[in-house]
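Peer 1: Here it is, the structure in full.
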Amino acid sequence: MSQVQPRLQVRDLHTRLLQGTGALPLVRGVSFDLYDGQTLALVGESGSGKSLTALTLMRLLARNARWQCTGQALLRDGAGQTHDLLTVSAEHMRQLRGNRVAMIFQEPMTCLNPVLPVGEQIAESVRLHRGLDRSAARAQALRALEQVEIPAARQRLDEYPHQLSGGMRQRVMIAMAMVCEPQVLIADEPTTALDVTIQAQILQLMSRLQQQTGMSMLFITHNLGVVAHHAERVAVMYAGQVVEQAGVAQLFAQPAHPYTQGLLACLPGRARQLAKQTGRAVPLQDISGQAPAMHALGPGCSFAPRCRASLAVCTTAPPPWLGEGTHRRLCHLEGPP
Ligand SMILES: Nc1ncnc2c1ncn2[C@@H]1O[C@H](COP(=O)(O)OP(=O)(O)O)[C@@H](O)[C@H]1O
Ligand SMILES: [Mg+2]
């Protein structure tokens, strides 16, 4: 049997914001693998670097700032060729983006054009990547809208984003992301802005599309219920680093990093059980203490100032990776969790 290879292999990803003569490290050595048909959830409190990680991979970091990105993000295409998303030319990246790797955002209006009918916006991507003519591209756009279960899809083709509800807009964005059948989909809190019922529908839709296409997903979410129900693996981010990675069941049963333990402890017992069993909405709560200032990180573990189990070494030396196999944590504390 041939060994399953990751679709996307991210290694030691660093994103620094250049300011004057200095560089502020905001993503600090993130590594993970995405496999076909699987979802990796990326969780962590606000400001931990989840969106920057996604935007770095997509090469969509804000243009009004200067960035320095290092590391590797190797995308394997259908022919087994690899493309490093960080170093391919801008032109090559335009061919990959929307085609092999696509992203959906929390707020659809940030990437929908308000003055263009949604059908044209979806068709644009197929024309660009598949070289289809107008009418063939329009037919594809219609299929994409039907695939995301938009009622009266034919009529919607000619409507503008403002004519659609929030849930519909999110469906349009998913249709746009999916129309070229990307191998990797990055979803950055795609349902946070929606009400709970619509959230559940959109998540179901995404799961179904994933089953149909076999794409892999990086799912950024604040919702541990979503993690439990929709992901196979979890990476927990803190202060720009992944501090724990595990299978979903492992993480819920035996969180090993004190930060993850804190996150799960914030969930009331019943809510936690519910999250595991039903995937119902259970928002991530912030643990006590302040998020670290990224410009003033010490030499030790960035979580040490908030950690209840902190030792002397935690403030003086960077933590090592501990744990075995698929469950690992960035922590000085030895022994079972
Ligand atoms: N365009 C930007 N310019 C300057 N700093 C930014 C920019 N985008 C994000 N940051 C900073 O980078 C850190 C991580 O942000 P982000 O990745 O958006 O966090 P998350 O998505 O986990 O909430 C935060 O401290 C944030 O203030
Ligand atoms: Mg974010």
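Every chain in the structure tokens takes a letter, A first, then B, and so on in the order presented; its residues are numbered from 1, and the ligands are numbered from 1 following the presented order.
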Applying 7 Å and only C-alpha atoms, which residues near Arg7 of chain A remain after dropping the ones on its own chain fewer than 2 positions away? List them as a list in words.

Peer 2: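 Contacts, with the query itself left out: Gln5, Gln9, Leu34, Tyr35, Asp36, Leu75 and Arg76 of chain A.
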
Peer 1: Could the residues that lie within 7 Å of ligand 1, counting only C-alpha atoms and all ligand atoms, be listed as JSON, numbers by chain?

Peer 2: {"A": [17, 26, 44, 45, 46, 47, 48, 49, 50, 51, 52, 53, 61, 62, 65, 240, 294]}

Peer 1: From the set A:Met215, A:Ala309, A:Cys180, A:Ala41, which residue has the shortest atom-to-atom contact distance to Gln261 of chain A, counting only C-alpha atoms?

Peer 2: A:Ala309

Peer 1: List the spatial neighbours of Cys69 of chain A as a PyMOL selection string - criterion: any atom at most 8 Å away, only C-alpha atoms, same-chain residues fewer than 3 positions off excluded.

Peer 2: chain A and resi 13-16+56+86

Peer 1: For the selection just defined, write its residues with C-alpha atoms to a file, as a short mmCIF file (atom, residue, chain, number, x, y, z; two decimals), in the first residue's frame.

Peer 2:
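File written: again23.cif
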data_model
loop_
_atom_site.label_atom_id
_atom_site.label_comp_id
_atom_site.auth_asym_id
_atom_site.auth_seq_id
_atom_site.Cartn_x
_atom_site.Cartn_y
_atom_site.Cartn_z
CA LEU A 13 6.08 29.14 9.10
CA HIS A 14 7.09 32.57 10.37
CA THR A 15 5.34 35.83 9.58
CA ARG A 16 6.95 39.02 10.79
CA THR A 56 0.34 33.96 4.78
CA LEU A 86 5.58 30.92 0.01
#

Peer 1: So, with only C-alpha atoms as the atoms that count, which of A:Thr39, A:Arg59, A:Val101, A:Ala136 lies closest to Ser89 of chain A?

Peer 2: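 The closest residue to Ser89 of chain A is A:Arg59.
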
Peer 1: Rank nothing, just name the residue among A:Ala137, A:Ile150, A:Leu164, A:Ala296 nearest to Gln201 of chain A, using only C-alpha atoms.

Peer 2: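 Nearest candidate to Gln201 of chain A out of A:Ala137, A:Ile150, A:Leu164, A:Ala296: A:Ile150.
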
Peer 1: As a VMD selection string, which residues of segment 102-331 of chain A does DSSP assign to strand (DSSP E or B)?

Peer 2: chain A and resid 102 to 104 184 to 188 216 to 220 223 233 to 238 241 to 247 283 321 to 324 327 to 330

Peer 1: Mind checking which residues fall within 9 Å of Val313 of chain A, counting only C-alpha atoms, ignoring those fewer than 5 positions away in the same chain, and posting them as a PyMOL selection string?

Peer 2: chain A and resi 300-301+318-319+332

Peer 1: Could you save the residues just selected, with N, CA and C atoms, as a PDB file, in the first residue's frame?

Peer 2:
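Printed below is out02.pdb as written:
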ATOM      1  N   GLY A 300      11.426  32.597  27.435  1.00  0.00           N
ATOM      2  CA  GLY A 300      10.806  31.328  27.818  1.00  0.00           C
ATOM      3  C   GLY A 300       9.512  31.062  27.068  1.00  0.00           C
ATOM      4  N   CYS A 301       8.657  30.302  27.726  1.00  0.00           N
ATOM      5  CA  CYS A 301       7.354  29.952  27.158  1.00  0.00           C
ATOM      6  C   CYS A 301       6.441  31.181  27.205  1.00  0.00           C
ATOM      7  N   PRO A 318      13.084  28.404  25.947  1.00  0.00           N
ATOM      8  CA  PRO A 318      11.941  28.053  25.110  1.00  0.00           C
ATOM      9  C   PRO A 318      11.518  26.603  25.334  1.00  0.00           C
ATOM     10  N   PRO A 319      10.223  26.336  25.362  1.00  0.00           N
ATOM     11  CA  PRO A 319       9.763  24.969  25.643  1.00  0.00           C
ATOM     12  C   PRO A 319      10.064  24.015  24.485  1.00  0.00           C
ATOM     13  N   HIS A 332       7.378  22.662  28.836  1.00  0.00           N
ATOM     14  CA  HIS A 332       8.465  22.125  29.670  1.00  0.00           C
ATOM     15  C   HIS A 332       7.995  21.016  30.610  1.00  0.00           C
TER      16      HIS A 332
END

Peer 1: What's around Leu85 of chain A at 7 Å? Count only C-alpha atoms, leave out sequence neighbours fewer than 6 positions away in its own chain, and write the answer as a PyMOL selection string.

Peer 2: chain A and resi 57+73-75+93

Peer 1: Excluding Glu120 of chain A and residues on its chain fewer than 2 positions from it, collect all residues at most 9 Å away from it, counting only C-alpha atoms, and give them as number ranges by chain.

Peer 2: A: 116-118, 122-125, 137-138, 141, 157-158

Peer 1: Can you tell me, as a ChimeraX atom specification, what residues are no more than 10 Å from Leu203 of chain A when counting only C-alpha atoms, ignoring any on the same chain fewer than 4 positions away?

Peer 2: /A:190-191,198-199,207-209,226,229-230

Peer 1: Could you write out that same residue set with N, CA and C atoms as a compact mmCIF listing (two decimals), in the first residue's frame?

Peer 2:
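Below is the file that was written, selection04.txt:
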# COMPACT_ATOMS: atom_id res chain seq x y z
N PRO A 190 -15.86 30.85 9.27
CA PRO A 190 -16.83 31.16 8.21
C PRO A 190 -18.26 31.31 8.71
N THR A 191 -18.54 30.89 9.93
CA THR A 191 -19.94 30.97 10.36
C THR A 191 -20.13 31.85 11.58
N ILE A 198 -28.49 29.01 11.00
CA ILE A 198 -27.82 29.15 9.70
C ILE A 198 -26.41 28.58 9.79
N GLN A 199 -25.74 28.83 10.91
CA GLN A 199 -24.41 28.26 11.14
C GLN A 199 -24.42 26.76 10.91
N SER A 207 -19.41 20.15 5.18
CA SER A 207 -19.07 18.74 5.38
C SER A 207 -19.44 17.91 4.17
N ARG A 208 -20.64 18.18 3.64
CA ARG A 208 -21.11 17.41 2.50
C ARG A 208 -20.22 17.66 1.28
N LEU A 209 -19.88 18.93 1.05
CA LEU A 209 -19.02 19.24 -0.09
C LEU A 209 -17.66 18.57 0.08
N VAL A 226 -17.92 22.91 17.05
CA VAL A 226 -17.59 22.72 15.64
C VAL A 226 -16.36 21.82 15.51
N HIS A 229 -17.20 18.19 16.16
CA HIS A 229 -18.08 17.54 15.20
C HIS A 229 -17.51 17.51 13.78
N HIS A 230 -16.70 18.48 13.43
CA HIS A 230 -16.34 18.63 12.02
C HIS A 230 -14.86 18.41 11.71

Peer 1: For a quick check of understanding, using only C-alpha atoms and all ligand atoms, which of A:Gln106, A:Ser310, A:Thr82, A:Thr260 has the smallest distance to ligand 2?

Peer 2: A:Gln106

Peer 1: Extract the full set of helix (DSSP H, G or I) residues from segment 141-316 of chain A according to DSSP on the backbone, and format it as a VMD selection string.

Peer 2: chain A and resid 141 to 147 153 to 156 161 to 163 166 to 178 196 to 213 224 to 230 248 to 253 258 to 265 269 to 278 294 to 296 304 to 306 312 to 315

Peer 1: Using only C-alpha atoms and all ligand atoms, which of A:Val43, A:Met103, A:Ala152, A:Leu145 sits nearest ligand 2?

Peer 2: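 Selected residue with least distance to ligand 2: A:Val43.
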
Peer 1: Go through A:Gln121, A:His327, A:Arg66, A:Leu185 and flag the residue nearest Arg233 of chain A, using only C-alpha atoms for the distances.

Peer 2: A:His327

Peer 1: For a test of reading the model, state the distance in Å between atom CA of Gly166 of chain A and atom CA of Gln95 of chain A, rounded to one decimal.

Peer 2: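 About the pair atom CA of Gly166 of chain A and atom CA of Gln95 of chain A: they are 29.0 Å apart.
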